[in-house]
$ cat upload.tsv   # TSV, C-alpha atoms and all ligand atoms
chain	number	residue	atom	x	y	z
A	143	MET	CA	23.48	15.97	-23.20
A	144	ASN	CA	26.54	13.72	-23.25
A	145	SER	CA	25.99	11.84	-20.04
A	146	GLY	CA	23.74	11.70	-17.01
A	147	GLU	CA	21.72	9.50	-14.68
A	148	ALA	CA	18.77	7.46	-15.78
A	149	LEU	CA	16.31	4.88	-14.50
A	150	VAL	CA	16.19	1.40	-16.06
A	151	PHE	CA	12.63	0.71	-17.28
A	152	LYS	CA	13.19	-2.48	-19.22
A	153	SER	CA	15.81	-5.16	-19.52
A	154	THR	CA	16.07	-7.94	-22.07
A	155	GLY	CA	19.42	-9.15	-20.87
A	156	SER	CA	21.31	-7.74	-23.84
A	157	TRP	CA	19.93	-4.20	-23.95
A	158	TYR	CA	18.20	-1.88	-21.55
A	159	GLN	CA	15.67	0.88	-21.87
A	160	LEU	CA	16.57	3.95	-19.80
A	161	ARG	CA	14.67	7.12	-18.99
A	162	ASP	CA	16.74	10.16	-18.15
A	163	GLY	CA	15.87	13.11	-15.88
A	164	GLU	CA	14.30	14.98	-18.79
A	165	GLY	CA	11.98	12.12	-19.60
A	166	ARG	CA	13.82	10.99	-22.73
A	167	TYR	CA	14.16	7.27	-23.40
A	168	TRP	CA	17.42	5.63	-24.48
A	169	GLN	CA	18.33	2.19	-25.74
A	170	ALA	CA	21.43	1.24	-23.85
A	171	ARG	CA	24.07	-1.43	-23.71
A	172	ILE	CA	26.54	-2.05	-20.94
A	173	ARG	CA	29.90	-0.53	-21.59
A	174	GLY	CA	32.71	-3.06	-21.32
A	175	ARG	CA	33.18	-3.91	-17.70
A	176	LEU	CA	30.83	-2.34	-15.21
A	177	LYS	CA	32.22	-0.85	-12.06
A	178	MET	CA	30.19	-2.79	-9.56
A	179	ASP	CA	29.94	-2.20	-5.89
A	180	THR	CA	27.89	-5.29	-5.21
A	181	ASP	CA	29.39	-8.67	-4.55
A	182	ILE	CA	26.46	-10.59	-5.95
A	183	ALA	CA	27.44	-12.95	-8.71
A	184	SER	CA	24.33	-12.59	-10.81
A	185	THR	CA	23.33	-13.48	-14.33
A	186	ASN	CA	22.23	-9.88	-14.89
A	187	PRO	CA	24.42	-7.03	-13.69
A	188	VAL	CA	21.79	-4.34	-14.32
A	189	ALA	CA	18.16	-4.77	-13.28
A	190	VAL	CA	14.89	-2.94	-13.82
A	191	GLY	CA	14.58	-0.23	-11.17
A	192	ASP	CA	18.30	0.46	-11.17
A	193	TRP	CA	19.60	4.01	-11.49
A	194	VAL	CA	22.58	4.07	-13.79
A	195	ARG	CA	25.10	6.59	-15.08
A	196	PHE	CA	25.18	6.64	-18.85
A	197	GLU	CA	27.03	8.20	-21.72
A	198	VAL	CA	25.44	9.06	-25.05
A	199	GLU	CA	26.65	6.87	-27.88
A	200	ASP	CA	24.45	8.13	-30.72
A	201	ASP	CA	22.15	11.02	-29.92
A	202	ALA	CA	20.03	10.87	-33.07
A	203	ALA	CA	19.44	7.14	-32.71
A	204	GLY	CA	18.84	7.46	-28.96
A	205	ARG	CA	21.60	5.00	-28.15
A	206	ALA	CA	23.56	5.08	-24.90
A	207	LEU	CA	26.15	3.17	-22.91
A	208	ILE	CA	25.71	2.28	-19.25
A	209	GLN	CA	28.84	3.20	-17.30
A	210	ASP	CA	27.96	2.20	-13.78
A	211	ILE	CA	25.16	1.57	-11.34
A	212	VAL	CA	24.17	4.05	-8.65
A	213	PRO	CA	24.29	2.17	-5.32
A	214	ARG	CA	21.02	0.33	-4.78
A	215	ARG	CA	18.67	1.08	-1.91
A	216	ASN	CA	17.62	-2.56	-2.03
A	217	TYR	CA	17.04	-5.36	-4.51
A	218	ILE	CA	15.41	-8.75	-4.66
A	219	VAL	CA	17.15	-11.85	-5.92
A	220	ARG	CA	16.11	-15.34	-6.83
A	221	VAL	CA	17.93	-18.42	-7.97
A	222	SER	CA	18.51	-18.24	-11.70
A	223	PRO	CA	16.07	-20.53	-13.49
A	224	HIS	CA	18.91	-21.62	-15.78
A	225	ASN	CA	21.62	-22.29	-13.24
A	226	ARG	CA	20.93	-23.09	-9.60
A	227	ASN	CA	24.32	-21.75	-8.56
A	228	GLN	CA	23.64	-18.33	-9.96
A	229	LYS	CA	21.45	-15.51	-8.87
A	230	HIS	CA	19.14	-13.35	-10.85
A	231	ILE	CA	18.38	-9.83	-9.67
A	232	VAL	CA	14.65	-9.52	-10.23
A	233	ALA	CA	14.45	-5.76	-9.59
A	234	ALA	CA	16.06	-2.98	-7.59
A	235	ASN	CA	15.04	0.03	-5.49
A	236	LEU	CA	11.63	-1.30	-4.50
A	237	ASP	CA	9.09	0.02	-2.03
A	238	ALA	CA	6.96	-3.12	-2.11
A	239	ALA	CA	6.79	-6.61	-3.57
A	240	LEU	CA	3.38	-7.94	-4.57
A	241	ILE	CA	2.84	-11.65	-4.96
A	242	ILE	CA	-0.14	-12.39	-7.16
A	243	ALA	CA	-1.69	-15.75	-6.47
A	244	THR	CA	-4.94	-17.41	-7.39
A	245	LEU	CA	-7.09	-20.28	-6.20
A	246	ALA	CA	-8.44	-20.74	-9.74
A	247	GLU	CA	-6.18	-21.91	-12.59
A	248	PRO	CA	-3.17	-21.86	-12.38
A	249	ARG	CA	-3.64	-22.48	-8.68
A	250	SER	CA	-0.90	-21.13	-6.42
A	251	SER	CA	0.11	-23.11	-3.36
A	252	ASN	CA	0.57	-21.40	-0.02
A	253	GLY	CA	4.09	-22.86	0.00
A	254	PHE	CA	4.88	-20.91	-3.15
A	255	ILE	CA	3.51	-17.72	-1.59
A	256	ASP	CA	5.55	-18.30	1.55
A	257	ARG	CA	8.79	-18.78	-0.38
A	258	PHE	CA	8.19	-15.44	-2.00
A	259	LEU	CA	7.40	-13.81	1.35
A	260	VAL	CA	10.52	-15.29	2.94
A	261	THR	CA	12.66	-13.87	0.13
A	262	ALA	CA	11.07	-10.43	0.45
A	263	GLU	CA	11.67	-10.50	4.24
A	264	ALA	CA	15.28	-11.52	3.73
A	265	TYR	CA	15.81	-8.54	1.44
A	266	HIS	CA	13.82	-6.19	3.70
A	267	ILE	CA	11.16	-5.41	1.15
A	268	PRO	CA	7.58	-5.06	2.42
A	269	ALA	CA	5.47	-7.81	0.81
A	270	ILE	CA	1.80	-7.70	-0.11
A	271	ILE	CA	-0.45	-10.53	-1.34
A	272	ALA	CA	-3.15	-10.31	-4.01
A	273	VAL	CA	-5.41	-13.30	-4.57
A	274	ASN	CA	-6.83	-12.96	-8.05
A	275	LYS	CA	-9.69	-14.35	-10.20
A	276	LEU	CA	-12.16	-14.04	-7.35
A	277	ASP	CA	-14.97	-14.11	-9.92
A	278	LEU	CA	-14.24	-17.79	-10.62
A	279	TYR	CA	-14.31	-19.18	-7.07
A	280	ASP	CA	-16.73	-21.83	-5.90
A	281	THR	CA	-17.65	-22.37	-2.23
A	282	GLU	CA	-14.63	-24.55	-1.57
A	283	GLN	CA	-12.27	-21.94	-3.00
A	284	MET	CA	-13.96	-19.20	-0.97
A	285	GLU	CA	-13.35	-21.28	2.17
A	286	GLN	CA	-9.72	-21.68	1.21
A	287	LEU	CA	-9.48	-17.92	0.68
A	288	ALA	CA	-10.86	-17.34	4.18
A	289	GLU	CA	-8.20	-19.68	5.57
A	290	TRP	CA	-5.48	-17.75	3.76
A	291	GLN	CA	-6.87	-14.45	5.02
A	292	GLU	CA	-6.74	-15.76	8.57
A	293	ALA	CA	-3.22	-17.19	8.29
A	294	TYR	CA	-1.64	-14.21	6.55
A	295	GLY	CA	-3.56	-11.78	8.76
A	296	LEU	CA	-2.00	-13.44	11.84
A	297	ALA	CA	1.39	-13.10	10.17
A	298	GLY	CA	0.78	-9.38	9.65
A	299	TYR	CA	0.51	-9.40	5.85
A	300	GLU	CA	-2.01	-7.44	3.85
A	301	LEU	CA	-4.00	-9.71	1.55
A	302	PHE	CA	-6.21	-8.28	-1.20
A	303	PRO	CA	-8.78	-10.55	-2.86
A	304	VAL	CA	-9.22	-9.15	-6.38
A	305	CYS	CA	-10.64	-9.71	-9.81
A	306	ALA	CA	-8.05	-8.15	-12.08
A	307	LYS	CA	-10.62	-7.38	-14.74
A	308	ALA	CA	-12.96	-5.45	-12.42
A	309	PRO	CA	-11.65	-1.96	-11.58
A	310	GLU	CA	-13.83	-1.59	-8.47
A	311	SER	CA	-12.34	-4.75	-6.93
A	312	ILE	CA	-8.79	-3.45	-7.07
A	313	ARG	CA	-9.36	-0.05	-5.46
A	314	ALA	CA	-7.90	-0.92	-2.06
A	315	LEU	CA	-4.86	-2.57	-3.63
A	316	SER	CA	-4.35	0.34	-5.96
A	317	SER	CA	-4.33	2.86	-3.12
A	318	ARG	CA	-1.92	0.64	-1.17
A	319	ILE	CA	0.65	0.78	-3.96
A	320	ALA	CA	0.10	4.46	-4.87
A	321	GLY	CA	3.33	6.42	-4.66
A	322	CYS	CA	5.39	3.21	-4.55
A	323	THR	CA	7.59	1.25	-6.90
A	324	THR	CA	6.07	-2.21	-6.67
A	325	LEU	CA	7.32	-5.51	-8.04
A	326	PHE	CA	4.58	-7.80	-9.42
A	327	SER	CA	5.45	-11.47	-9.25
A	328	GLY	CA	3.66	-14.82	-9.51
A	329	HIS	CA	3.12	-17.90	-11.67
A	330	SER	CA	2.53	-17.49	-15.39
A	331	GLY	CA	-1.17	-16.93	-16.05
A	332	VAL	CA	-2.25	-15.61	-12.63
A	333	GLY	CA	-3.07	-12.22	-14.12
A	334	LYS	CA	-0.12	-9.90	-13.47
A	335	SER	CA	-0.37	-8.14	-16.81
A	336	THR	CA	-4.18	-8.09	-16.67
A	337	LEU	CA	-4.00	-6.34	-13.31
A	338	ILE	CA	-1.55	-3.77	-14.67
A	339	ASN	CA	-3.81	-3.16	-17.66
A	340	THR	CA	-6.71	-2.41	-15.32
A	341	LEU	CA	-4.53	-0.08	-13.27
A	342	MET	CA	-3.49	1.77	-16.42
A	343	PRO	CA	-6.01	1.18	-19.22
A	344	SER	CA	-4.01	3.20	-21.77
A	345	LEU	CA	-1.28	0.58	-21.70
A	346	ALA	CA	-2.88	-2.53	-23.28
A	347	LEU	CA	-0.22	-5.09	-22.32
A	348	ARG	CA	-0.33	-8.47	-23.96
A	349	THR	CA	-2.10	-11.10	-21.85
A	350	ALA	CA	-2.94	-14.68	-22.73
A	351	GLU	CA	-5.49	-17.35	-22.05
A	352	VAL	CA	-4.46	-20.00	-19.57
A	353	SER	CA	-4.10	-23.17	-21.60
A	354	ALA	CA	-7.19	-25.30	-21.23
A	355	TRP	CA	-5.32	-28.61	-21.31
A	356	SER	CA	-2.54	-27.86	-18.85
A	357	GLY	CA	-4.19	-25.25	-16.65
A	358	LYS	CA	-0.93	-23.36	-16.95
A	359	GLY	CA	0.00	-19.93	-18.15
A	360	GLN	CA	1.84	-19.44	-21.39
A	361	HIS	CA	4.66	-17.13	-20.31
A	362	THR	CA	3.28	-14.18	-22.20
A	363	THR	CA	5.50	-11.64	-20.49
A	364	THR	CA	9.11	-12.48	-21.25
A	365	PHE	CA	11.11	-9.60	-19.75
A	366	ALA	CA	10.84	-7.48	-16.66
A	367	GLU	CA	9.46	-4.06	-17.47
A	368	MET	CA	8.52	-1.05	-15.39
A	369	PHE	CA	5.47	1.13	-15.99
A	370	GLU	CA	4.65	4.47	-14.51
A	371	LEU	CA	1.05	5.10	-13.53
A	372	PRO	CA	-0.64	8.28	-14.82
A	373	ASP	CA	-0.04	9.98	-11.43
A	374	GLY	CA	3.64	10.11	-12.44
A	375	ASN	CA	4.59	8.91	-9.00
A	376	SER	CA	3.71	5.21	-8.81
A	377	ARG	CA	5.56	2.51	-10.71
A	378	ILE	CA	4.89	-1.13	-11.30
A	379	ILE	CA	7.35	-3.74	-12.47
A	380	ASP	CA	5.76	-6.53	-14.50
A	381	THR	CA	7.84	-9.70	-14.54
A	382	PRO	CA	7.66	-12.99	-16.42
A	383	GLY	CA	5.82	-15.76	-14.60
A	384	VAL	CA	7.93	-17.92	-12.28
A	385	LYS	CA	7.52	-21.66	-11.65
A	386	GLU	CA	9.04	-21.56	-8.20
A	387	PHE	CA	10.73	-18.97	-6.13
A	388	GLY	CA	14.11	-20.57	-5.42
A	389	LEU	CA	15.51	-19.43	-2.10
A	390	ILE	CA	19.05	-18.21	-1.76
A	391	ASP	CA	21.69	-18.95	0.89
A	392	PHE	CA	19.74	-19.57	4.05
A	393	GLU	CA	21.02	-20.98	7.29
A	394	ARG	CA	18.43	-23.17	8.98
A	395	GLU	CA	18.35	-21.02	12.11
A	396	GLU	CA	17.70	-17.92	10.03
A	397	LEU	CA	14.42	-19.08	8.56
A	398	THR	CA	12.14	-18.09	11.46
A	399	HIS	CA	13.45	-14.55	11.20
A	400	TYR	CA	11.68	-14.37	7.86
A	401	TYR	CA	8.33	-15.45	9.31
A	402	PRO	CA	7.26	-12.21	11.04
A	403	GLU	CA	4.76	-13.91	13.35
A	404	MET	CA	7.51	-16.30	14.54
A	405	ARG	CA	10.27	-13.73	14.66
A	406	ALA	CA	8.39	-11.83	17.35
A	407	LEU	CA	8.37	-14.91	19.61
A	408	LEU	CA	11.89	-16.27	19.18
A	409	SER	CA	13.30	-14.89	22.41
A	410	GLY	CA	10.77	-17.06	24.26
A	411	CYS	CA	12.30	-20.39	23.18
A	412	ARG	CA	14.42	-22.11	25.82
A	413	PHE	CA	17.23	-22.96	23.39
A	414	ASN	CA	18.64	-20.23	21.22
A	415	ASN	CA	19.28	-22.69	18.40
A	416	CYS	CA	15.70	-23.99	18.62
A	417	LEU	CA	14.35	-25.11	15.23
A	418	HIS	CA	10.81	-25.35	16.70
A	419	LEU	CA	10.36	-28.97	15.70
A	420	GLY	CA	9.48	-30.27	19.15
A	421	GLU	CA	12.29	-29.07	21.39
A	422	PRO	CA	11.25	-28.50	25.01
A	423	GLY	CA	10.25	-24.97	26.00
A	424	CYS	CA	9.51	-23.88	22.44
A	425	ALA	CA	7.57	-20.60	22.23
A	426	ILE	CA	6.63	-21.22	18.60
A	427	LYS	CA	4.97	-24.57	19.37
A	428	GLU	CA	3.15	-22.95	22.24
A	429	ALA	CA	1.88	-20.12	20.02
A	430	LEU	CA	0.77	-22.73	17.50
A	431	GLU	CA	-1.33	-24.47	20.13
A	432	GLU	CA	-2.81	-21.15	21.19
A	433	LYS	CA	-3.62	-20.43	17.52
A	434	GLN	CA	-1.49	-17.29	17.40
A	435	ILE	CA	0.35	-18.86	14.48
A	436	SER	CA	-1.52	-20.76	11.78
A	437	HIS	CA	-0.83	-24.43	11.08
A	438	MET	CA	-0.63	-23.60	7.41
A	439	ARG	CA	2.29	-21.25	7.94
A	440	TYR	CA	3.99	-23.57	10.41
A	441	GLU	CA	3.76	-26.47	7.94
A	442	SER	CA	5.29	-24.35	5.18
A	443	TYR	CA	8.06	-23.37	7.59
A	444	ARG	CA	8.79	-27.08	8.13
A	445	ALA	CA	8.76	-27.79	4.42
A	446	ILE	CA	11.17	-24.96	3.63
A	447	LEU	CA	13.39	-26.02	6.53
A	448	ALA	CA	13.50	-29.55	5.14
A	449	SER	CA	14.46	-28.24	1.70
A	450	ILE	CA	17.32	-26.25	3.23
A	451	GLU	CA	18.49	-29.36	5.09
A	452	LYS	CA	18.59	-31.32	1.87
A	453	LYS	CA	20.92	-28.77	0.38
A	454	TRP	CA	23.38	-29.18	3.23
A	501	LIG	N1	-11.82	-14.77	-14.89
A	501	LIG	C1	-10.72	-14.07	-14.70
A	501	LIG	N2	-9.68	-14.19	-15.57
A	501	LIG	C2	-8.58	-13.45	-15.34
A	501	LIG	C3	-8.46	-12.57	-14.23
A	501	LIG	N3	-7.23	-12.02	-14.27
A	501	LIG	C4	-6.62	-12.51	-15.36
A	501	LIG	N4	-7.41	-13.38	-16.02
A	501	LIG	C5	-7.08	-14.11	-17.25
A	501	LIG	O1	-5.96	-14.96	-17.01
A	501	LIG	C6	-5.18	-15.09	-18.20
A	501	LIG	C7	-3.70	-14.80	-17.90
A	501	LIG	O2	-3.54	-13.43	-17.57
A	501	LIG	P1	-2.16	-12.63	-17.78
A	501	LIG	O3	-2.43	-11.26	-17.26
A	501	LIG	O4	-1.63	-12.80	-19.15
A	501	LIG	O5	-1.21	-13.43	-16.76
A	501	LIG	P2	0.30	-13.11	-16.37
A	501	LIG	O6	0.40	-13.34	-14.91
A	501	LIG	O7	0.70	-11.77	-16.86
A	501	LIG	O8	1.10	-14.27	-17.14
A	501	LIG	P3	2.63	-14.29	-17.70
A	501	LIG	O9	2.86	-13.00	-18.43
A	501	LIG	O10	2.68	-15.49	-18.58
A	501	LIG	O11	3.51	-14.43	-16.49
A	501	LIG	C8	-5.80	-14.14	-19.22
A	501	LIG	O12	-6.64	-14.89	-20.06
A	501	LIG	C9	-6.62	-13.20	-18.37
A	501	LIG	O13	-7.70	-12.66	-19.07
A	501	LIG	C10	-9.59	-12.48	-13.32
A	501	LIG	O14	-9.57	-11.77	-12.31
A	501	LIG	N5	-10.66	-13.26	-13.60
A	502	MG	MG	2.21	-11.15	-18.12
A	503	ZN	ZN	11.33	-22.92	19.40

$ encode --input "upload.tsv" --output "structure tokens" --more "lines below"
Ligand SMILES: Nc1nc2c(ncn2[C@@H]2O[C@H](COP(=O)(O)OP(=O)(O)OP(=O)(O)O)[C@@H](O)[C@H]2O)c(=O)[nH]1
Ligand SMILES: [Mg+2]
Ligand SMILES: [Zn+2]
Amino acid sequence: MNSGEALVFKSTGSWYQLRDGEGRYWQARIRGRLKMDTDIASTNPVAVGDWVRFEVEDDAAGRALIQDIVPRRNYIVRVSPHNRNQKHIVAANLDAALIIATLAEPRSSNGFIDRFLVTAEAYHIPAIIAVNKLDLYDTEQMEQLAEWQEAYGLAGYELFPVCAKAPESIRALSSRIAGCTTLFSGHSGVGKSTLINTLMPSLALRTAEVSAWSGKGQHTTTFAEMFELPDGNSRIIDTPGVKEFGLIDFEREELTHYYPEMRALLSGCRFNNCLHLGEPGCAIKEALEEKQISHMRYESYRAILASIEKKW
């Protein structure tokens, strides 16, 4: 074989691991200038989940050169952690995006979850929520979990309470992502790699204790990497923990479109530029009073809106 198409399984930023149609793995670099059909100025031209065309550089050593990217079905982007003006393509060609959160350490805020959900909506990728470390919750945390279940249920999201170490607790989640390529995202230390290890015990990914003094994760996973489940048909992309999910290029008026429970009601507002902050004849405020929308989600909407305003 001198050339062909392959799927990107791993990316370190300087080299990529590809798997070709025959199941052979290649270590690849990008050849000179990539022919790109996307107009995204990103810090990484090729992402995990991309299909690429490659050319063999050294067959015996398994080295290849990436020539170009097959047009993406979709992708998800976040603000580069190193440069707020640049974007980072987290992964491409996804069927689902899973946000892993926890109410134990390192606790995730609902605002963080909502920023992730908004991004997934904006890129048209179905989002799912897993709330992990259920085994550690006290009564107060169980009450908080119930509140989340109510709020995200009203918004139409699937939420799976799980204990990543207990296989029986992840059964429903595992059948939800069967047959899909799913992105796993969340703060460092929430249990992304632990969950993947339980889904595919043969893998034994590195995981790490959450630091006792800071309650924070230790950024054990440093690069995005895709794994195929034993069924040969489901794939999971493990990613390094993120501090925050920086939103990209939003107009204020757009934001409600990325809250599914609000999107459905927008045509009911009297003003078509309604920001739902107290304008007369607002269908969102009405739904809030009738408890069709949760206060928790509405408050996060206001917070994100305020952060967009600051940028302007
Ligand atoms: N008690 C309990 N601990 C868990 C659970 N899931 C994960 N942990 C622990 O949480 C710690 C962090 O887990 P990791 O899987 O390394 O977290 P991660 O999200 O991959 O973190 P990064 O790779 O740094 O982004 C490890 O000590 C795990 O054993 C759970 O359901 N219950
Ligand atoms: Mg990890
Ligand atoms: Zn309104």

$ residues_near_point --input "upload.tsv" --point "(-3.6, -18.6, -7.3)" --cutoff "9 Å" --atoms "all atoms listed in the file" --output "PyMOL selection string"
chain A and resi 242-252+272-275+328-329+332

$ closest_atom_pairs --input "upload.tsv" --of "chain A" --to "ligand ZN 503 (chain A)" --cutoff "6 Å" --atoms "only C-alpha atoms and all ligand atoms" --output "Markdown table"
| residue | atom | partner | partner_atom | distance |
| --- | --- | --- | --- | --- |
| A:Cys411 | CA | A:ZN503 | ZN | 4.7 |
| A:Cys416 | CA | A:ZN503 | ZN | 4.6 |
| A:Leu417 | CA | A:ZN503 | ZN | 5.6 |
| A:His418 | CA | A:ZN503 | ZN | 3.7 |
| A:Cys424 | CA | A:ZN503 | ZN | 3.7 |
| A:Ala425 | CA | A:ZN503 | ZN | 5.2 |
| A:Ile426 | CA | A:ZN503 | ZN | 5.1 |

$ atom_distance --input "upload.tsv" --atom1 "atom CA of Tyr443 of chain A" --atom2 "atom CA of Glu263 of chain A"
13.8 Å

$ residues_near_ligand --input "upload.tsv" --ligand "ligand LIG 501 (chain A)" --cutoff "6 Å" --atoms "all atoms listed in the file" --output "PyMOL selection string"
chain A and resi 274-275+277-278+305-307+329-336+349-352+359-363+382-383

$ closest_residue --input "upload.tsv" --among "A:Ala269, A:Ala366, A:Ala264, A:Leu315" --to "Gln159 of chain A" --atoms "all atoms listed in the file"
A:Ala366

$ atom_distance --input "upload.tsv" --atom1 "atom CA of Pro187 of chain A" --atom2 "atom CA of Gly146 of chain A"
19.0 Å

$ atom_distance --input "upload.tsv" --atom1 "atom CA of Cys322 of chain A" --atom2 "atom CA of Asp192 of chain A"
14.8 Å

$ residues_near_point --input "upload.tsv" --point "(8.2, -16.8, 1.8)" --cutoff "9 Å" --atoms "only C-alpha atoms" --output "list in words"
Gly253, Phe254, Ile255, Asp256, Arg257, Phe258, Leu259, Val260, Thr261, Ala262, Glu263, Phe387, Leu389, Tyr400, Tyr401, Ser442, Tyr443 and Ile446 of chain A

$ closest_residue --input "upload.tsv" --among "A:Asn216, A:Thr154, A:Ser311, A:Thr185" --to "Gln228 of chain A" --atoms "only C-alpha atoms"
A:Thr185

$ residues_around --input "upload.tsv" --residues "Asn339 of chain A" --least-positions-apart "6" --cutoff "12 Å" --atoms "all atoms listed in the file" --output "PyMOL selection string"
chain A and resi 306-309+312+333+345-349+369-371+378+380

$ write_last_selection --input "upload.tsv" --atoms "C-alpha atoms" --output "mmCIF file, keeping the file's coordinate frame"
data_model
loop_
_atom_site.group_PDB
_atom_site.id
_atom_site.type_symbol
_atom_site.label_atom_id
_atom_site.label_comp_id
_atom_site.auth_asym_id
_atom_site.auth_seq_id
_atom_site.Cartn_x
_atom_site.Cartn_y
_atom_site.Cartn_z
ATOM 1 C CA ALA A 306 -8.050 -8.150 -12.080
ATOM 2 C CA LYS A 307 -10.620 -7.380 -14.740
ATOM 3 C CA ALA A 308 -12.960 -5.450 -12.420
ATOM 4 C CA PRO A 309 -11.650 -1.960 -11.580
ATOM 5 C CA ILE A 312 -8.790 -3.450 -7.070
ATOM 6 C CA GLY A 333 -3.070 -12.220 -14.120
ATOM 7 C CA LEU A 345 -1.280 0.580 -21.700
ATOM 8 C CA ALA A 346 -2.880 -2.530 -23.280
ATOM 9 C CA LEU A 347 -0.220 -5.090 -22.320
ATOM 10 C CA ARG A 348 -0.330 -8.470 -23.960
ATOM 11 C CA THR A 349 -2.100 -11.100 -21.850
ATOM 12 C CA PHE A 369 5.470 1.130 -15.990
ATOM 13 C CA GLU A 370 4.650 4.470 -14.510
ATOM 14 C CA LEU A 371 1.050 5.100 -13.530
ATOM 15 C CA ILE A 378 4.890 -1.130 -11.300
ATOM 16 C CA ASP A 380 5.760 -6.530 -14.500
#

$ residues_around --input "upload.tsv" --residues "Glu197 of chain A" --least-positions-apart "2" --cutoff "12 Å" --atoms "all atoms listed in the file" --output "PyMOL selection string"
chain A and resi 143-148+160+162+168-173+194-195+199-201+204-210

$ closest_residue --input "upload.tsv" --among "A:Ala320, A:Val219, A:Ala189, A:Val384" --to "ligand MG 502 (chain A)" --atoms "all atoms listed in the file"
A:Val384

$ closest_residue --input "upload.tsv" --among "A:Leu430, A:Met404, A:Leu337, A:Leu301" --to "ligand MG 502 (chain A)" --atoms "only C-alpha atoms and all ligand atoms"
A:Leu337
